[in-house]
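Here is the structure we will look at.
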Amino acid sequence: MDIFVVREDGVNEGGLGAAMSGITAYYSPGVAFWIAIRYVLDRCATVQEGVEVLREIPRHEAITFLLADPMGDMAVVEASPMKTAVRKSEGDFIVSTNHFNHPGMQDIDLFEPPDSRIRYDTIMRSLRNREVELSENYLMSILSSHKGLVCSHRDEIGLGTLWSVVANLNCLRIFRAEGHPCKTEYMEDTRLIEALNR
């Protein structure tokens with residue numbers, strides 16, 4: 001996805017999806033997250049390949065990378081300049097917001113947005129306790145909700161939801177809302193399918 005700073009989320013032609021959640025302005029010499037995401041999408045076909053790349057590269061900042069592929073493999077790579085840890089899926093989903101969850105990353109002293117854990121817990125409960133089939137529309141409804149500050153409006157501290165992306169990796173359908181998804185309708189982004197059909 002082309003967002004106002006760089007390409008931050010994406011899906012490649014094989015259905016590997018990669019996304020990021022920023023943690024803090026903690027910088028060190030290394031590979032910036034947008035370059036890492038582009039490399040993973042350009043060179044990797046599976047979550048496991050992406051995890052291996054993200055573990056090996058020197059990291060520029062503290063960040064989480066969410067990876068998923070059409071085989072149902074999902075992982076979150078929690079990365080900092082000092083170390084990385086990998087979380088695997090919790091059943092048929094995995095969640096990542098703007099903080100580290102892996103026990104091995106809790107000793108890193110980082111700023112995290114005050115609503116990150118609230119959003120994480122709200123999304124986890126919505127997915128665990130759902131009474132409907134997991135679908136693009138259901139995910140869009142969670143991400144558009146103000147319940148648990150998921151669609152976050154933290155203008156007073158310069159934080160909040162900047163964009164939202166939902167992708168079906170089996171059929172390469174990508175939907176994105178540029179801005180707050182409570183106000184901006186998700187639109188299908190067909191650039192990948194169009195490129196593959198040329």
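Within each chain, counting starts at residue 1; across the structure tokens, chains are named A, B, ... in the order shown, with ligands numbered 1 upward in that order.
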
### Query
Using the chain letters and numbers from this document, which residues of chain A does DSSP assign to strand (DSSP E or B), as a PyMOL selection string?
chain A and resi 2+7+10-11+17-27+31+59+61-68+74-79+84-88+153-154+159-160+163-168+173-178+187-189

#### Entry: Which of region 74-167 of chain A DSSP labels alpha helix (DSSP H), written as a PyMOL selection string
chain A and resi 116-128+136-144

### Task
Just the residues within 10 Å of Glu61 (chain A), please, counting only C-alpha atoms, with nothing from its chain fewer than 3 positions along; format it as a ChimeraX atom specification.
/A:22-33,58,64,79-82

### Message
Please determine, counting only C-alpha atoms, which residue among A:Leu16, A:Leu110, A:Ile142, A:Ala195 has the shortest atom-to-atom distance to Gln48 (chain A).
### Response
A:Leu16

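Look at region 167-174 of chain A: the protein and nucleic acid residues within 6 Å of it, using only C-alpha atoms and passing over chain neighbours fewer than 2 places away, are Gly15, Pro70, Glu188 and Asp189 of chain A.
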
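Here the question is which of A:Arg128, A:Arg117, A:Arg176, A:Lys183 gets nearest to His146 (chain A) using only C-alpha atoms, and that residue is A:Lys183.
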
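Going from CA of Ser152 (chain A) over to CA of Ser164 (chain A), you cover 11.2 Å.
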
### Message
At a cut-off of 12 Å, using only C-alpha atoms, what residues contact Ala68 (chain A)? Leave out same-chain residues fewer than 5 positions from it and give the result as a PyMOL selection string.
### Response
chain A and resi 9-12+14-19+40-41+44-51+73-77+88-89+92-95+166-170

Give me a file of those residues, with N, CA and C atoms, as a tab-separated table (two decimals), in the first residue's frame.
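Just written: selection.tsv:
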```
chain	number	residue	atom	x	y	z
A	9	ASP	N	2.28	-1.54	3.87
A	9	ASP	CA	1.63	-2.85	3.89
A	9	ASP	C	1.56	-3.34	2.46
A	10	GLY	N	1.46	-4.66	2.29
A	10	GLY	CA	1.34	-5.14	0.92
A	10	GLY	C	1.05	-6.63	0.84
A	11	VAL	N	0.71	-7.05	-0.37
A	11	VAL	CA	0.46	-8.44	-0.71
A	11	VAL	C	1.20	-8.69	-2.01
A	12	ASN	N	1.92	-9.83	-2.10
A	12	ASN	CA	2.60	-10.12	-3.36
A	12	ASN	C	1.78	-11.08	-4.22
A	14	GLY	N	2.04	-14.11	-4.90
A	14	GLY	CA	1.79	-15.43	-4.35
A	14	GLY	C	0.84	-15.43	-3.17
A	15	GLY	N	0.40	-14.24	-2.75
A	15	GLY	CA	-0.54	-14.14	-1.64
A	15	GLY	C	0.11	-13.94	-0.29
A	16	LEU	N	1.44	-13.73	-0.25
A	16	LEU	CA	2.07	-13.40	1.03
A	16	LEU	C	1.72	-11.97	1.39
A	17	GLY	N	1.20	-11.77	2.58
A	17	GLY	CA	0.85	-10.44	3.05
A	17	GLY	C	1.81	-9.99	4.14
A	18	ALA	N	2.17	-8.71	4.13
A	18	ALA	CA	3.06	-8.15	5.14
A	18	ALA	C	2.52	-6.79	5.56
A	19	ALA	N	2.54	-6.55	6.87
A	19	ALA	CA	2.09	-5.26	7.40
A	19	ALA	C	2.96	-4.91	8.59
A	40	VAL	N	10.79	-8.45	1.69
A	40	VAL	CA	10.00	-9.66	1.99
A	40	VAL	C	9.00	-9.92	0.87
A	41	LEU	N	8.29	-8.90	0.44
A	41	LEU	CA	7.26	-9.10	-0.60
A	41	LEU	C	7.89	-9.40	-1.96
A	44	CYS	N	10.11	-13.26	-0.99
A	44	CYS	CA	9.63	-14.38	-0.18
A	44	CYS	C	8.27	-14.87	-0.68
A	45	ALA	N	8.04	-16.18	-0.51
A	45	ALA	CA	6.77	-16.78	-0.91
A	45	ALA	C	5.94	-17.23	0.28
A	46	THR	N	6.58	-17.43	1.43
A	46	THR	CA	5.88	-17.96	2.60
A	46	THR	C	6.19	-17.13	3.84
A	47	VAL	N	5.36	-17.33	4.86
A	47	VAL	CA	5.60	-16.67	6.13
A	47	VAL	C	6.97	-17.08	6.68
A	48	GLN	N	7.29	-18.36	6.63
A	48	GLN	CA	8.56	-18.82	7.19
A	48	GLN	C	9.75	-18.14	6.52
A	49	GLU	N	9.71	-17.99	5.19
A	49	GLU	CA	10.79	-17.28	4.50
A	49	GLU	C	10.88	-15.83	4.98
A	50	GLY	N	9.73	-15.18	5.13
A	50	GLY	CA	9.70	-13.80	5.60
A	50	GLY	C	10.25	-13.67	7.01
A	51	VAL	N	9.87	-14.60	7.89
A	51	VAL	CA	10.37	-14.59	9.26
A	51	VAL	C	11.89	-14.70	9.27
A	73	ASP	N	-0.59	-19.90	7.32
A	73	ASP	CA	0.50	-19.63	8.25
A	73	ASP	C	0.49	-18.14	8.57
A	74	MET	N	0.65	-17.80	9.86
A	74	MET	CA	0.65	-16.42	10.31
A	74	MET	C	1.69	-16.24	11.39
A	75	ALA	N	2.34	-15.10	11.41
A	75	ALA	CA	3.33	-14.81	12.46
A	75	ALA	C	3.45	-13.31	12.62
A	76	VAL	N	3.84	-12.91	13.81
A	76	VAL	CA	4.24	-11.53	14.08
A	76	VAL	C	5.69	-11.55	14.50
A	77	VAL	N	6.53	-10.82	13.79
A	77	VAL	CA	7.93	-10.66	14.16
A	77	VAL	C	8.03	-9.35	14.93
A	88	LYS	N	3.45	-16.88	16.92
A	88	LYS	CA	2.67	-17.59	15.90
A	88	LYS	C	1.18	-17.35	16.16
A	89	SER	N	0.34	-17.79	15.22
A	89	SER	CA	-1.09	-17.48	15.28
A	89	SER	C	-1.78	-18.12	16.47
A	92	ASP	N	-7.02	-19.36	14.18
A	92	ASP	CA	-7.16	-18.91	12.80
A	92	ASP	C	-6.95	-17.40	12.65
A	93	PHE	N	-6.28	-16.79	13.62
A	93	PHE	CA	-5.99	-15.36	13.51
A	93	PHE	C	-4.75	-15.03	14.34
A	94	ILE	N	-4.22	-13.84	14.08
A	94	ILE	CA	-3.14	-13.28	14.90
A	94	ILE	C	-3.36	-11.77	14.92
A	95	VAL	N	-2.99	-11.15	16.03
A	95	VAL	CA	-3.23	-9.71	16.22
A	95	VAL	C	-1.93	-9.02	16.58
A	166	VAL	N	-7.54	-4.55	4.75
A	166	VAL	CA	-8.02	-5.93	4.92
A	166	VAL	C	-7.75	-6.64	3.60
A	167	ALA	N	-7.16	-7.84	3.66
A	167	ALA	CA	-6.83	-8.56	2.43
A	167	ALA	C	-7.27	-10.01	2.53
A	168	ASN	N	-7.78	-10.54	1.44
A	168	ASN	CA	-8.05	-11.97	1.30
A	168	ASN	C	-6.89	-12.54	0.49
A	169	LEU	N	-6.02	-13.29	1.15
A	169	LEU	CA	-4.78	-13.75	0.51
A	169	LEU	C	-5.01	-14.90	-0.45
A	170	ASN	N	-6.16	-15.56	-0.37
A	170	ASN	CA	-6.44	-16.67	-1.28
A	170	ASN	C	-6.85	-16.19	-2.67
```

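Take the candidates A:Gly91, A:Asp121, A:Ile193, A:Val132 and check each one against Gly72 (chain A) using only C-alpha atoms; the shortest distance goes to A:Gly91.
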
### Task
Go through A:Glu178, A:Glu112, A:Glu133, A:Glu194 and flag the residue nearest Glu13 (chain A), using only C-alpha atoms for the distances.
A:Glu194

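Distances from A:Cys182, A:Ile57, A:Leu127, A:Leu134 to His153 (chain A) were compared using only C-alpha atoms, and the smallest one belongs to A:Cys182.
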
## Note on the structure
One residue among A:His99, A:Leu66, A:Thr122, A:Thr184 is nearest to Arg87 (chain A) when using only C-alpha atoms, and that residue is A:Leu66
